[in-house]
Amino acid sequence: MSLIEDLIFFDNPSIWNDFGGTSSGFGGIVWQMFIWSVIVGVLVIAWLVYNLIYFRRKDGDPDHKDALKAGVFPHERGNTVIELTWTIAPLILVTWLTIISLAPLNYLWDVPEENETDLTVEVLAVQWQWIFEMPSNYTIPSEFTKCGGVDQDGNAMQNMAVTYNCLEIPHNSIIRFNINSEDVLHAFYIVEIGIKQDVVPNLQTLAWLDTSTVNPGEYNIYCAEMCGRSHSQMLAKLYITEAA
Amino acid sequence: MNLRKLSIGFLLAILVAISAFPTGNGLPTGITDQNTTDTVIANGCTCHNTNTEATSSVIVNLTLPENFTSGETYTLILNISGGPNDLADGGNRGGFFVTASDGELSPTVNDTLVQKPFGFTHLTHTVDGNDYREWTFEWTAPESDDISVQFVAYGNSVNGADGSQGDYWNKQAITLYGVNAVIEIKTQNELSGPQKIIYAFAIIAVTLTVVVIGNRMVTKDQAFEDVLKGYWKSIYPWLTTTDHKYVGIMYICTGFGWFFIGGILGLLIRWQLMEPRIDGEFLTYEEYNSTFTMHGTTMIFMAAMPIIFGFANYLIPLQIGARDLAFPRLNALSYWLLPTGGIVIYMGYFTGGAGDVGWTGYTPYSSGDTATTPGTDFWVAGQIMLGASSTLTAINFLVTMLRMRAPGVTMMRLPLFSWSILITVFLLLLSIPVFTVALILLMADRTFGTLYFNVEAGADPILWQHLFWYFGHPEVYIVILPAFGVLSEIITTFSRRPIFGYTSMVYAMATIGIISFIVYGHHMFTTGADPLFRFIVMLTTMLVAVPTGIKIFNWLATMTGGSIVLKTPMVFALGTVITFTIGGITGIVLASIPIDIALHDGYFVVAHFHYVLVGGTIFAFMGGVYYWYPKMTGKMMNEKLGLLHFALSFIFFNAAFYPMHNVGLSGMPRRYATYDASLADMNEFISIAAMIFGISQLIFVYNVLYSYKNGEEAGDDPWDGWSLEWTTSSPPPHNSFTEIPTLKIAEEEKQ
């Protein structure tokens, strides 16, 4: 039954939980989108089914007065009040959805300046790998070993300043990503968190993450913009680790 | 005389095609080298792309036992030697990648040089591991030892310098047999998956041709030449016609023909995604990229648009009471540019790999040299031809509809299908030329060395996206508005009452047309464009829901109080209303920037646009085929087959595409040739449903052919429709109307 469960439940990207505080949970944008989608969908389908039940033609039914005739432009049919209703109601609805979409944007697009962050990571995308570079003034905590490999005795080694396809960042910190591309378009996508930012050659793009809003652990980084043969292998791991 | 002008047109088309791809040198670079399995061109060492071909001077040596016993674990050693940069020592010297078709590969305990990437079955080196040229790892044999296991090892000889320059690689494929395996000799020349399909279709086609011609020769006792002459006689009128009805039917047939080819490509995609596959297990990653590129391009430009143009060709003159389009010969030229351009696009398959840039063809990837050559050049050249075709057709429809309406057919008395085409035509004229220009710039970049899209030379890296989506979004409405027109016609006729709110339907379509030019930025929410720009397009995108909603509600209101006849066209139309509503709603969800950031370029988007394009356009036009087939052929289509076709299509369409929403929410990006193993169940389900959806379309083909021979006589107006096409005979006479009709008006009729 896991397939049916998969169809009904889904893990939403965790950043949806942080949309401006008030937007999370009931009443939040994701919830509202979902509930309005269901309402509109059910309305249309229910009306359709109602029509099919009550207005089916039966044998011997007489034609309506305004029934169609070949070569004759039919009677105008309509009702201004009703038509205005279903023009204005959706207008109000989509305006509302636009307005509630704005609050999370203030949060998402308000990328902190480099001096306001705990850590600024330089992200470089090349066909087909991710290169992460820590700033020179940043001291890598000694317990950060996820991207460091193992020495001859089998002990994990500390991360280097530059890591390939692997990034380890501290929990409870504000992290800023300066994202650059060496060749073509890529997209920096932290899957479980739901952050996505195109990587554009010749143009630095920015993303940021408050790691206090997510659990420490392992996350996936994908490339989400078609970049050539091994696009689907341009993967990296993100580790969020509790620093001592 | 006409023929001469026509042939000049052909020659011009061919000249344009030839001049469009000077780099199309046709070298078979890629895919297979049938003689040496060890040096087949594979895509193993993908991060070292300087040398796309394996190099025989690199010797890859995977040491395997003689045979294997079930369940036992073996230690395997892989080493590489040779290579142009055979350094004696120093770091960063080599890399490897190894796969086994069965059993389980794993690094030895505490080994720091070998890793097994999470969720995959292959092994590769770690960052530390690339300082070596020999690696040791373990392989646990599968449960049964009466089978053989295929090992493929890739070795990369690295020169230690930064970047991939000067690195060379090779691969080795070995079969290891279990102790109880019955050894059979395999043929040396393995075909790749798509090759097998192409060969299979070629064999079927040749066999059918031989059978049909042979049958004709035997039963009619004709010589081979006579049979061919007989065929020529029946084909010749089609090749030379300028009659809108013939051209229209050719457009429709060509469109559905490409639709089936594109559908097969779609099924190849689904077969690849049936389970997380490694490179080359079914399609190589490069072939996969070509496959989805050609799938998208085919479906939009060579299937959806021609089907629409075909119906418009056939119906516009009939609905407005004209004898033909304004420029019949131009119409024929537009048509013939379509199969020609399509063939040019597909040329890539015969030159080592079709275009692999996605249907969006984003630069700088498409303008750079990592895209397939000359496949991508063919893709660009063919697209330019299709662009020319659409532009010419648009002019033709526009002039026809403005100048050639019969008495009584005023603008506000046009049938809604005609109205939808009229608005579509404006969208075409305003958007397609922009795309054509962008394509010409791209072609110049690729073939003449210009730098329009060269980022290093200072080009705007997202210029292409602006040009493309300025066209690309109206394009979406170009394919959906005519579908709205078809739905309006069918729902009115089968509810046996006039459409509810004719005027508001027209204004709704016009509004959609106007808004469509200022929403395109919603494809670029994650590019880092100006926030104000992104906010404006979010607002306008949301606004599209209003006119679209009006249309849906008007259709439902038309049915309310009507007397609904549920025939196949109506069933398709109502199915479309449901699937299109779902697609429209997810469109609103995606319009919200904060939500789109997570979903952009993922499977949620794939689900959304298949719901509007297949569930909207294709379903509507399949309904259109059932609806107007009697007019085109004089025969009714079979109802039972039609309903069966609808039921299977509707159920398996939803089964295939609905779960894609979930897969997308779980974070599967589109255009991925493989994916996280946790999504395997869902993808398998989707793939199976998609296969059944694909196969059930054969019922449709059968029905069209069967009904042509065996259908009931239709009569002039089998469905009791009102517009002028139902006043002429089925099929219409040579000049469409024996006498130009006059559209009467119901209000005046009564008095």
# chains A, B, ... in the order shown; residues from 1 in each chain; ligands from 1
$ interface_residues --of "chain B" --to "chain A" --cutoff "6 Å" --atoms "only C-alpha atoms" --output "ChimeraX atom specification"
/B:47,112,285-286,364-365,496-498,500-501,526-527,542,546,560,562-565,585,592,597-598,667,669,672-673,721-724,726-727,743-746
$ residues_around --residues "Ala181 of chain B" --least-positions-apart "4" --cutoff "12 Å" --atoms "only C-alpha atoms" --output "PyMOL selection string"
chain B and resi 67-70+144-149+175-177
$ write_last_selection --atoms "all heavy atoms" --output "CSV table (one decimal), in the first residue's frame"
chain,number,residue,atom,x,y,z
B,67,ASN,N,34.8,-18.2,-12.2
B,67,ASN,CA,33.4,-18.2,-12.2
B,67,ASN,C,32.9,-17.9,-10.8
B,67,ASN,O,33.8,-17.6,-10.0
B,67,ASN,CB,32.9,-19.5,-12.7
B,67,ASN,CG,33.5,-20.7,-12.0
B,67,ASN,OD1,33.8,-20.6,-10.8
B,67,ASN,ND2,33.8,-21.8,-12.7
B,68,PHE,N,31.6,-17.9,-10.6
B,68,PHE,CA,31.2,-17.6,-9.2
B,68,PHE,C,30.2,-18.6,-8.7
B,68,PHE,O,29.5,-19.3,-9.4
B,68,PHE,CB,30.6,-16.1,-9.2
B,68,PHE,CG,29.4,-15.9,-9.9
B,68,PHE,CD1,28.1,-16.3,-9.4
B,68,PHE,CD2,29.4,-15.4,-11.2
B,68,PHE,CE1,27.0,-16.1,-10.0
B,68,PHE,CE2,28.2,-15.2,-11.9
B,68,PHE,CZ,27.0,-15.6,-11.3
B,69,THR,N,30.2,-18.7,-7.4
B,69,THR,CA,29.2,-19.5,-6.7
B,69,THR,C,28.3,-18.6,-6.0
B,69,THR,O,28.7,-17.5,-5.5
B,69,THR,CB,29.9,-20.4,-5.6
B,69,THR,OG1,31.1,-20.9,-6.2
B,69,THR,CG2,29.1,-21.6,-5.2
B,70,SER,N,27.0,-19.0,-5.9
B,70,SER,CA,26.0,-18.1,-5.4
B,70,SER,C,26.3,-17.6,-3.9
B,70,SER,O,26.7,-18.4,-3.1
B,70,SER,CB,24.6,-18.7,-5.4
B,70,SER,OG,24.6,-19.9,-4.7
B,144,SER,N,21.5,-16.8,-7.5
B,144,SER,CA,21.6,-18.0,-8.4
B,144,SER,C,22.9,-18.0,-9.1
B,144,SER,O,23.4,-16.9,-9.5
B,144,SER,CB,20.4,-17.9,-9.3
B,144,SER,OG,20.4,-16.7,-10.0
B,145,ASP,N,23.4,-19.1,-9.3
B,145,ASP,CA,24.7,-19.2,-10.1
B,145,ASP,C,24.6,-19.9,-11.4
B,145,ASP,O,25.5,-20.4,-12.0
B,145,ASP,CB,25.8,-19.8,-9.2
B,145,ASP,CG,25.4,-21.1,-8.6
B,145,ASP,OD1,24.4,-21.7,-9.1
B,145,ASP,OD2,26.0,-21.6,-7.7
B,146,ASP,N,23.3,-19.9,-12.0
B,146,ASP,CA,23.2,-20.4,-13.3
B,146,ASP,C,23.0,-19.3,-14.3
B,146,ASP,O,22.5,-19.4,-15.4
B,146,ASP,CB,22.0,-21.4,-13.4
B,146,ASP,CG,20.7,-20.8,-12.8
B,146,ASP,OD1,20.8,-19.6,-12.3
B,146,ASP,OD2,19.7,-21.4,-12.9
B,147,ILE,N,23.4,-18.1,-13.9
B,147,ILE,CA,23.3,-16.9,-14.8
B,147,ILE,C,24.7,-16.3,-15.1
B,147,ILE,O,25.7,-16.8,-14.5
B,147,ILE,CB,22.4,-15.8,-14.2
B,147,ILE,CG1,23.0,-15.4,-12.8
B,147,ILE,CG2,21.0,-16.3,-14.1
B,147,ILE,CD1,22.4,-14.1,-12.3
B,148,SER,N,24.7,-15.4,-15.9
B,148,SER,CA,26.0,-14.7,-16.1
B,148,SER,C,25.8,-13.2,-15.7
B,148,SER,O,24.7,-12.7,-15.7
B,148,SER,CB,26.4,-14.7,-17.6
B,148,SER,OG,25.5,-14.0,-18.4
B,149,VAL,N,26.9,-12.6,-15.3
B,149,VAL,CA,26.9,-11.2,-14.8
B,149,VAL,C,27.8,-10.4,-15.7
B,149,VAL,O,28.9,-10.8,-16.0
B,149,VAL,CB,27.3,-11.2,-13.3
B,149,VAL,CG1,27.4,-9.7,-12.9
B,149,VAL,CG2,26.4,-12.0,-12.5
B,175,THR,N,32.1,-10.5,-19.1
B,175,THR,CA,31.0,-11.3,-18.6
B,175,THR,C,31.6,-12.4,-17.7
B,175,THR,O,32.5,-13.1,-18.0
B,175,THR,CB,30.2,-12.0,-19.8
B,175,THR,OG1,29.9,-10.9,-20.7
B,175,THR,CG2,29.0,-12.6,-19.3
B,176,LEU,N,31.0,-12.5,-16.5
B,176,LEU,CA,31.4,-13.5,-15.6
B,176,LEU,C,30.3,-14.5,-15.4
B,176,LEU,O,29.1,-14.2,-15.2
B,176,LEU,CB,31.7,-12.9,-14.2
B,176,LEU,CG,32.1,-13.8,-13.1
B,176,LEU,CD1,33.5,-14.5,-13.4
B,176,LEU,CD2,32.2,-13.1,-11.8
B,177,TYR,N,30.6,-15.8,-15.6
B,177,TYR,CA,29.5,-16.8,-15.6
B,177,TYR,C,29.5,-17.5,-14.3
B,177,TYR,O,30.5,-17.8,-13.6
B,177,TYR,CB,29.8,-17.9,-16.7
B,177,TYR,CG,29.6,-17.3,-18.1
B,177,TYR,CD1,30.7,-16.8,-18.8
B,177,TYR,CD2,28.4,-17.2,-18.7
B,177,TYR,CE1,30.6,-16.2,-20.0
B,177,TYR,CE2,28.2,-16.6,-19.9
B,177,TYR,CZ,29.3,-16.1,-20.6
B,177,TYR,OH,29.2,-15.6,-21.8
$ select_by_dssp --residues "segment 33-184 of chain A" --states "strand (DSSP E)" --output "CSV table (one decimal) with all heavy atoms, in the first residue's frame"
chain,number,residue,atom,x,y,z
A,72,VAL,N,-28.1,28.5,-38.9
A,72,VAL,CA,-28.8,29.6,-38.3
A,72,VAL,C,-28.0,29.9,-37.0
A,72,VAL,O,-27.7,29.1,-36.2
A,72,VAL,CB,-30.2,29.2,-37.9
A,72,VAL,CG1,-30.9,30.3,-37.2
A,72,VAL,CG2,-31.0,28.7,-39.1
A,73,PHE,N,-27.5,31.2,-36.9
A,73,PHE,CA,-26.8,31.6,-35.7
A,73,PHE,C,-27.8,31.6,-34.5
A,73,PHE,O,-28.9,32.2,-34.5
A,73,PHE,CB,-26.3,33.0,-35.9
A,73,PHE,CG,-25.4,33.5,-34.7
A,73,PHE,CD1,-24.1,33.0,-34.6
A,73,PHE,CD2,-25.9,34.3,-33.7
A,73,PHE,CE1,-23.4,33.4,-33.5
A,73,PHE,CE2,-25.1,34.7,-32.7
A,73,PHE,CZ,-23.9,34.2,-32.5
A,119,LEU,N,28.3,32.5,7.8
A,119,LEU,CA,29.2,31.8,6.9
A,119,LEU,C,28.8,32.2,5.5
A,119,LEU,O,27.6,32.1,5.2
A,119,LEU,CB,29.2,30.3,7.2
A,119,LEU,CG,29.9,29.4,6.2
A,119,LEU,CD1,31.4,29.7,6.1
A,119,LEU,CD2,29.7,28.0,6.5
A,120,THR,N,29.7,32.5,4.6
A,120,THR,CA,29.4,32.7,3.2
A,120,THR,C,30.1,31.7,2.4
A,120,THR,O,31.4,31.7,2.4
A,120,THR,CB,29.8,34.2,2.8
A,120,THR,OG1,29.1,35.1,3.6
A,120,THR,CG2,29.4,34.4,1.3
A,121,VAL,N,29.4,30.9,1.7
A,121,VAL,CA,30.0,29.8,1.0
A,121,VAL,C,30.1,30.2,-0.5
A,121,VAL,O,29.0,30.6,-1.0
A,121,VAL,CB,29.3,28.5,1.1
A,121,VAL,CG1,29.9,27.3,0.4
A,121,VAL,CG2,29.1,28.1,2.6
A,122,GLU,N,31.2,30.1,-1.1
A,122,GLU,CA,31.3,30.3,-2.6
A,122,GLU,C,31.0,29.0,-3.3
A,122,GLU,O,31.6,28.0,-3.0
A,122,GLU,CB,32.7,30.7,-3.0
A,122,GLU,CG,33.2,32.0,-2.4
A,122,GLU,CD,32.5,33.2,-3.0
A,122,GLU,OE1,32.1,33.2,-4.1
A,122,GLU,OE2,32.4,34.3,-2.2
A,123,VAL,N,29.9,29.0,-4.1
A,123,VAL,CA,29.5,27.8,-4.8
A,123,VAL,C,29.9,28.0,-6.2
A,123,VAL,O,29.5,29.0,-6.9
A,123,VAL,CB,28.0,27.6,-4.6
A,123,VAL,CG1,27.6,26.3,-5.4
A,123,VAL,CG2,27.6,27.5,-3.2
A,124,LEU,N,30.6,27.0,-6.8
A,124,LEU,CA,31.0,27.1,-8.2
A,124,LEU,C,30.4,25.8,-8.9
A,124,LEU,O,30.7,24.7,-8.4
A,124,LEU,CB,32.5,27.2,-8.3
A,124,LEU,CG,33.0,27.3,-9.8
A,124,LEU,CD1,32.5,28.6,-10.4
A,124,LEU,CD2,34.5,27.2,-9.8
A,125,ALA,N,29.7,26.0,-9.9
A,125,ALA,CA,29.1,24.9,-10.7
A,125,ALA,C,29.9,24.8,-12.0
A,125,ALA,O,30.1,25.8,-12.7
A,125,ALA,CB,27.6,25.1,-11.0
A,126,VAL,N,30.4,23.6,-12.3
A,126,VAL,CA,31.0,23.3,-13.5
A,126,VAL,C,30.3,22.1,-14.1
A,126,VAL,O,29.8,21.3,-13.3
A,126,VAL,CB,32.5,23.2,-13.5
A,126,VAL,CG1,33.2,24.4,-13.0
A,126,VAL,CG2,32.9,22.0,-12.6
A,129,GLN,N,30.0,19.1,-11.8
A,129,GLN,CA,30.2,18.9,-10.4
A,129,GLN,C,30.0,20.3,-9.7
A,129,GLN,O,30.0,21.3,-10.3
A,129,GLN,CB,31.5,18.3,-10.1
A,129,GLN,CG,32.7,19.1,-10.6
A,129,GLN,CD,34.0,18.5,-10.2
A,129,GLN,OE1,34.1,17.9,-9.1
A,129,GLN,NE2,35.0,18.6,-11.0
A,130,TRP,N,29.9,20.1,-8.3
A,130,TRP,CA,29.8,21.3,-7.5
A,130,TRP,C,31.1,21.5,-6.7
A,130,TRP,O,31.6,20.5,-6.1
A,130,TRP,CB,28.6,21.1,-6.5
A,130,TRP,CG,27.3,21.0,-7.1
A,130,TRP,CD1,26.6,19.8,-7.3
A,130,TRP,CD2,26.5,22.0,-7.6
A,130,TRP,NE1,25.4,20.1,-7.9
A,130,TRP,CE2,25.3,21.5,-8.1
A,130,TRP,CE3,26.6,23.4,-7.7
A,130,TRP,CZ2,24.3,22.2,-8.7
A,130,TRP,CZ3,25.6,24.2,-8.2
A,130,TRP,CH2,24.4,23.6,-8.7
A,131,ILE,N,31.6,22.7,-6.6
A,131,ILE,CA,32.8,23.0,-5.9
A,131,ILE,C,32.4,24.0,-4.8
A,131,ILE,O,31.8,25.1,-5.1
A,131,ILE,CB,33.9,23.5,-6.8
A,131,ILE,CG1,34.2,22.5,-7.8
A,131,ILE,CG2,35.1,23.8,-5.9
A,131,ILE,CD1,35.1,23.0,-8.9
A,132,PHE,N,32.7,23.7,-3.6
A,132,PHE,CA,32.3,24.7,-2.5
A,132,PHE,C,33.6,25.2,-1.8
A,132,PHE,O,34.5,24.4,-1.5
A,132,PHE,CB,31.4,23.9,-1.4
A,132,PHE,CG,30.2,23.3,-2.0
A,132,PHE,CD1,30.2,22.0,-2.3
A,132,PHE,CD2,29.1,24.1,-2.2
A,132,PHE,CE1,29.0,21.4,-2.9
A,132,PHE,CE2,27.9,23.5,-2.8
A,132,PHE,CZ,27.9,22.2,-3.1
A,133,GLU,N,33.6,26.5,-1.6
A,133,GLU,CA,34.8,27.1,-1.0
A,133,GLU,C,34.4,27.9,0.2
A,133,GLU,O,33.5,28.7,0.1
A,133,GLU,CB,35.5,27.9,-2.0
A,133,GLU,CG,36.9,28.4,-1.5
A,133,GLU,CD,37.6,29.2,-2.5
A,133,GLU,OE1,37.2,29.3,-3.7
A,133,GLU,OE2,38.7,29.8,-2.1
A,162,VAL,N,38.2,23.8,0.5
A,162,VAL,CA,37.5,23.5,-0.8
A,162,VAL,C,37.1,22.1,-0.8
A,162,VAL,O,37.8,21.2,-0.6
A,162,VAL,CB,38.4,23.8,-2.0
A,162,VAL,CG1,37.6,23.6,-3.3
A,162,VAL,CG2,38.9,25.3,-1.9
A,163,THR,N,35.8,21.9,-1.0
A,163,THR,CA,35.3,20.5,-1.1
A,163,THR,C,34.5,20.3,-2.4
A,163,THR,O,34.0,21.3,-2.9
A,163,THR,CB,34.3,20.2,0.1
A,163,THR,OG1,33.3,21.2,0.2
A,163,THR,CG2,35.1,20.1,1.4
A,164,TYR,N,34.5,19.1,-2.8
A,164,TYR,CA,33.9,18.8,-4.1
A,164,TYR,C,32.7,17.9,-3.9
A,164,TYR,O,32.7,16.9,-3.2
A,164,TYR,CB,34.9,18.0,-5.0
A,164,TYR,CG,36.1,18.8,-5.4
A,164,TYR,CD1,37.2,18.9,-4.6
A,164,TYR,CD2,36.0,19.5,-6.6
A,164,TYR,CE1,38.3,19.6,-4.9
A,164,TYR,CE2,37.1,20.3,-6.9
A,164,TYR,CZ,38.3,20.4,-6.1
A,164,TYR,OH,39.3,21.1,-6.5
A,166,CYS,N,30.3,18.0,-2.0
A,166,CYS,CA,30.1,17.8,-0.6
A,166,CYS,C,30.2,19.1,0.2
A,166,CYS,O,31.2,19.8,0.0
A,166,CYS,CB,31.1,16.7,-0.1
A,166,CYS,SG,30.7,16.2,1.6
A,167,LEU,N,29.3,19.3,1.0
A,167,LEU,CA,29.3,20.6,1.8
A,167,LEU,C,28.8,20.4,3.2
A,167,LEU,O,27.8,19.7,3.4
A,167,LEU,CB,28.4,21.6,1.1
A,167,LEU,CG,28.2,23.0,1.8
A,167,LEU,CD1,29.5,23.7,1.9
A,167,LEU,CD2,27.2,23.8,1.1
A,168,GLU,N,29.6,20.8,4.1
A,168,GLU,CA,29.2,20.7,5.5
A,168,GLU,C,29.1,22.0,6.2
A,168,GLU,O,30.1,22.8,6.1
A,168,GLU,CB,30.2,19.8,6.3
A,168,GLU,CG,29.7,19.4,7.7
A,168,GLU,CD,30.5,18.3,8.2
A,168,GLU,OE1,31.6,18.0,7.7
A,168,GLU,OE2,30.1,17.6,9.2
A,169,ILE,N,27.9,22.4,6.7
A,169,ILE,CA,27.7,23.7,7.3
A,169,ILE,C,27.2,23.6,8.7
A,169,ILE,O,26.5,22.6,9.0
A,169,ILE,CB,26.8,24.5,6.4
A,169,ILE,CG1,25.5,23.8,6.1
A,169,ILE,CG2,27.5,25.0,5.1
A,169,ILE,CD1,24.5,24.6,5.3
A,170,PRO,N,27.4,24.6,9.5
A,170,PRO,CA,27.0,24.5,10.9
A,170,PRO,C,25.5,24.7,11.1
A,170,PRO,O,24.8,25.4,10.3
A,170,PRO,CB,27.7,25.6,11.6
A,170,PRO,CG,28.1,26.5,10.5
A,170,PRO,CD,28.2,25.8,9.3
A,174,ILE,N,23.3,31.5,10.0
A,174,ILE,CA,22.8,32.1,8.8
A,174,ILE,C,23.9,31.8,7.7
A,174,ILE,O,25.0,32.2,7.9
A,174,ILE,CB,22.6,33.6,8.9
A,174,ILE,CG1,21.7,33.9,10.1
A,174,ILE,CG2,22.0,34.2,7.6
A,174,ILE,CD1,20.3,33.7,9.9
A,175,ILE,N,23.5,31.1,6.7
A,175,ILE,CA,24.5,30.7,5.6
A,175,ILE,C,24.1,31.5,4.3
A,175,ILE,O,22.9,31.5,4.0
A,175,ILE,CB,24.5,29.2,5.3
A,175,ILE,CG1,24.4,28.4,6.6
A,175,ILE,CG2,25.7,28.9,4.4
A,175,ILE,CD1,25.7,28.4,7.4
A,176,ARG,N,25.1,32.1,3.7
A,176,ARG,CA,24.8,32.7,2.4
A,176,ARG,C,25.6,32.0,1.4
A,176,ARG,O,26.7,31.6,1.6
A,176,ARG,CB,25.2,34.2,2.5
A,176,ARG,CG,25.2,34.9,1.2
A,176,ARG,CD,25.6,36.4,1.4
A,176,ARG,NE,26.2,36.9,0.2
A,176,ARG,CZ,25.9,38.0,-0.4
A,176,ARG,NH1,24.9,38.8,0.2
A,176,ARG,NH2,26.5,38.5,-1.4
A,177,PHE,N,25.0,31.8,0.2
A,177,PHE,CA,25.7,31.1,-0.9
A,177,PHE,C,25.9,32.2,-2.0
A,177,PHE,O,24.9,32.7,-2.5
A,177,PHE,CB,24.8,30.0,-1.5
A,177,PHE,CG,24.5,28.9,-0.4
A,177,PHE,CD1,23.3,28.9,0.2
A,177,PHE,CD2,25.4,27.9,-0.1
A,177,PHE,CE1,23.0,27.9,1.1
A,177,PHE,CE2,25.1,27.0,0.8
A,177,PHE,CZ,23.9,27.0,1.4
A,178,ASN,N,27.1,32.4,-2.4
A,178,ASN,CA,27.4,33.1,-3.6
A,178,ASN,C,27.6,32.1,-4.7
A,178,ASN,O,28.6,31.4,-4.7
A,178,ASN,CB,28.7,34.0,-3.4
A,178,ASN,CG,28.5,35.1,-2.4
A,178,ASN,OD1,27.4,35.4,-2.1
A,178,ASN,ND2,29.6,35.6,-1.9
A,179,ILE,N,26.8,32.2,-5.7
A,179,ILE,CA,26.7,31.1,-6.7
A,179,ILE,C,27.2,31.5,-8.0
A,179,ILE,O,26.8,32.5,-8.6
A,179,ILE,CB,25.3,30.5,-6.8
A,179,ILE,CG1,24.8,30.2,-5.4
A,179,ILE,CG2,25.3,29.2,-7.6
A,179,ILE,CD1,23.3,29.9,-5.4
A,180,ASN,N,28.2,30.8,-8.6
A,180,ASN,CA,28.7,31.2,-9.9
A,180,ASN,C,28.8,29.9,-10.7
A,180,ASN,O,29.0,28.8,-10.2
A,180,ASN,CB,30.2,31.7,-9.7
A,180,ASN,CG,30.1,33.1,-9.1
A,180,ASN,OD1,29.7,34.1,-9.8
A,180,ASN,ND2,30.5,33.2,-7.8
A,181,SER,N,28.8,30.2,-12.0
A,181,SER,CA,29.0,29.1,-13.0
A,181,SER,C,30.2,29.3,-13.8
A,181,SER,O,30.6,30.4,-14.1
A,181,SER,CB,27.8,29.0,-13.9
A,181,SER,OG,28.1,28.2,-15.0
$ residues_around --residues "Ile174 of chain B" --least-positions-apart "5" --cutoff "9 Å" --atoms "only C-alpha atoms" --output "list in words"
Leu62, Leu64, Val149, Gln150, Phe151, Val152 and Ala153 of chain B
$ select_by_dssp --residues "segment 394-626 of chain B" --states "alpha helix (DSSP H)" --output "PyMOL selection string"
chain B and resi 394-403+416-443+463-495+502-515+531-559+568-591+593-599+603-612+619-626
$ atom_distance --atom1 "atom CA of Asp210 of chain A" --atom2 "atom CA of Asp601 of chain B"
23.5 Å
$ residues_around --residues "Pro339 of chain B" --least-positions-apart "5" --cutoff "9 Å" --atoms "only C-alpha atoms" --output "PyMOL selection string"
chain B and resi 254+302+344+386
